[in-house]
Amino acid sequence: MPNLHDLERRINSVNSTKQITRTMEMVAAAKIRKATDRVDAATPYAESMSEMLGNVAESAGNLENALLATHDDEKNILYIAVVSDRGLAGGFNSNVLRHVEREVHAARARGANARVVACGKKAITYFDFRKIELDLTFKDQSADPTLDEALQISARAIEGYTTGEYDRVVLVYNHAKNAAEQQLREEVVLPIDAEALATPARVQDEGAEKAVLQGDSIFEPDAESVLDSLLPAYVKTMIYHALVDSAAAEQGARRTAMKSATDNANEMVETLQRFYNRVRQGAITTEINEIVGGAAALEE
Amino acid sequence: MASLVCDIVTPAQQEFSAECYMVAVPGESGHMGFMPGHAPLMSTLADGEVRIFSDANTLSHRFACQGGYVQVTGEKVIVLTDRAVPADSIDTADVSAKLAEVESKLAALEEGAPERSVLEYDLRWYRTLQQIASA
């Protein structure tokens, strides 16, 4: 039977762990608000951007741009893995990382090369350890993603795609579905699927008359130049949105993980406390028995 | 009187949204003004000042903007820009200090360094701010 002292020590240690997890839960809950506000603030730009691109794609008709053209042979693929700098967020990091790793292996099995842009310290160590080649790395900004980061990633992706270094660019991140739920998302950044962009706009056009009016849009300087500058900006927006979204998802995931850790700690303390009481009662009973036994022996 | 809704949106947030009489933007191929009922138009923007008139004689808002796009439909003008700052809130001393800092950083970097593009981008922004503030 374990002694009381050991049990007491264990209870104390679980209690102090619980204090930490509960604090982290509260901190994450407070940060969720800020992170989701940022997602909301970034949404109008992203929406207007896709709407504009859809309009141009539709009006300009026959589009030719390096970023829209698919490469026939998919030899080199770039994955952009967006995770966190810090752990203790449940499956938040590992979901993305494992998914990317699987994709990389699948690509290699097909005979293609795959490289990774790692956003977040966790991604850097994970891929470094597994000897997966990294293209760009970013750390210490997963909680507050900056436009500069998105700009650098998109510049690299666009450069790689236009020079033929990469034939496909894929973005993998956690989408914050709501404060409690995250969803793994995989989006193809390049080539840009112009048809998918143009479709939502077309659905809105109920009458043929409106469609004709839309086609009359004026472009300054001309449709091609607008498209040329709009496409890179669209890629940048897409990446920035993923970074911001992932930051919100991280806080959500951390809160959920810390909540269940706190619950588990509570349960554990309860079990340990009960066990402690039983052991203590057992010790008292033994002691009484000994005294009674001793007294009875003296009487005889 | 018909009016026009003008939105100025940056990737980080929606900077401005209000009804107005006329909007003037620095298009890549020259300044343009939009009034209600303007034909649908889409243009790339140069760095410069977006001016918003609440009526024919009142310049109600001025924004310093860097690059971006403008989309005009008959009743709405959407300005998508990389950065936007209200012209009244530009702190000239602060901008000059930042400008000097970026310039010295740029001077320290060698030609072709990857950081240059970001710094040059900042440089353009601070120069635009300075120009607008002094105008």
# chains A, B, ... in the order shown; residues from 1 in each chain; ligands from 1

$ interface_residues --of "chain B" --to "chain A" --cutoff "9 Å" --atoms "only C-alpha atoms" --output "list in words"
Val9, Thr10, Pro11, Ala12, Gln13, Gln14, Gly27, Glu28, Ser29, Ala39, Pro40, Leu41, Met42, Ser43, Thr44, Gly68, Tyr69, Gln71, Val72, Thr73, Ile78, Leu80, Thr81 and Val118 of chain B

$ residues_around --residues "A:Ala249" --least-positions-apart "5" --cutoff "12 Å" --atoms "only C-alpha atoms" --output "count of residues only"
39

$ atom_distance --atom1 "atom CA of B:Gly30" --atom2 "atom CA of B:Glu15"
23.3 Å

$ select_by_dssp --residues "chain B" --states "strand (DSSP E or B)" --output "ChimeraX atom specification"
/B:4-9,14-20,22-27,30-34,41-45,48-55,58-66,69-73,76-80,83-86

$ write_last_selection --atoms "C-alpha atoms" --output "tab-separated table (two decimals), in the first residue's frame"
chain	number	residue	atom	x	y	z
B	4	LEU	CA	-22.58	57.02	-53.93
B	5	VAL	CA	-21.38	54.57	-51.29
B	6	CYS	CA	-17.64	54.49	-50.92
B	7	ASP	CA	-15.75	51.69	-49.15
B	8	ILE	CA	-12.03	51.77	-48.52
B	9	VAL	CA	-10.80	48.32	-47.58
B	14	GLN	CA	-12.37	48.09	-43.51
B	15	GLU	CA	-10.99	51.60	-43.21
B	16	PHE	CA	-13.94	53.68	-44.34
B	17	SER	CA	-17.50	53.31	-45.50
B	18	ALA	CA	-19.94	56.15	-46.07
B	19	GLU	CA	-22.23	57.83	-48.54
B	20	CYS	CA	-20.74	60.62	-50.55
B	22	MET	CA	-17.93	62.22	-55.39
B	23	VAL	CA	-14.81	60.11	-55.02
B	24	ALA	CA	-11.48	60.95	-56.65
B	25	VAL	CA	-8.80	58.27	-56.87
B	26	PRO	CA	-5.24	58.15	-58.22
B	27	GLY	CA	-5.61	55.68	-61.09
B	30	GLY	CA	-4.21	59.31	-64.14
B	31	HIS	CA	-6.60	60.70	-61.56
B	32	MET	CA	-10.24	59.76	-61.89
B	33	GLY	CA	-13.40	61.04	-60.26
B	34	PHE	CA	-16.59	59.08	-59.83
B	41	LEU	CA	-15.21	50.48	-64.19
B	42	MET	CA	-12.28	48.67	-62.76
B	43	SER	CA	-8.81	50.07	-62.49
B	44	THR	CA	-5.49	49.57	-60.82
B	45	LEU	CA	-4.39	52.38	-58.55
B	48	GLY	CA	-1.56	58.57	-53.71
B	49	GLU	CA	-4.52	60.28	-52.24
B	50	VAL	CA	-8.15	59.19	-52.34
B	51	ARG	CA	-10.44	62.18	-51.88
B	52	ILE	CA	-14.02	61.94	-50.82
B	53	PHE	CA	-16.49	64.80	-51.31
B	54	SER	CA	-19.61	64.83	-49.19
B	55	ASP	CA	-21.13	67.45	-51.53
B	58	THR	CA	-16.83	69.95	-49.46
B	59	LEU	CA	-13.81	67.75	-49.37
B	60	SER	CA	-14.79	65.65	-46.36
B	61	HIS	CA	-12.15	62.94	-46.21
B	62	ARG	CA	-8.67	62.38	-47.54
B	63	PHE	CA	-6.87	59.07	-47.37
B	64	ALA	CA	-3.31	58.21	-48.24
B	65	CYS	CA	-3.38	54.87	-50.05
B	66	GLN	CA	-0.74	52.56	-51.40
B	69	TYR	CA	-7.66	48.60	-57.15
B	70	VAL	CA	-10.90	50.40	-57.52
B	71	GLN	CA	-14.17	48.92	-58.63
B	72	VAL	CA	-17.07	51.15	-59.58
B	73	THR	CA	-20.64	50.18	-60.14
B	76	LYS	CA	-20.86	51.93	-55.20
B	77	VAL	CA	-17.12	52.55	-55.23
B	78	ILE	CA	-14.89	49.95	-53.62
B	79	VAL	CA	-11.26	50.89	-53.11
B	80	LEU	CA	-9.07	47.90	-52.28
B	83	ARG	CA	-2.50	50.40	-46.86
B	84	ALA	CA	-4.70	53.35	-46.07
B	85	VAL	CA	-4.35	56.15	-43.55
B	86	PRO	CA	-6.54	59.24	-43.09

$ atom_distance --atom1 "atom CA of A:Val117" --atom2 "atom CA of A:Asp167"
14.9 Å

$ atom_distance --atom1 "atom CA of A:Thr262" --atom2 "atom CA of A:Lys18"
5.4 Å
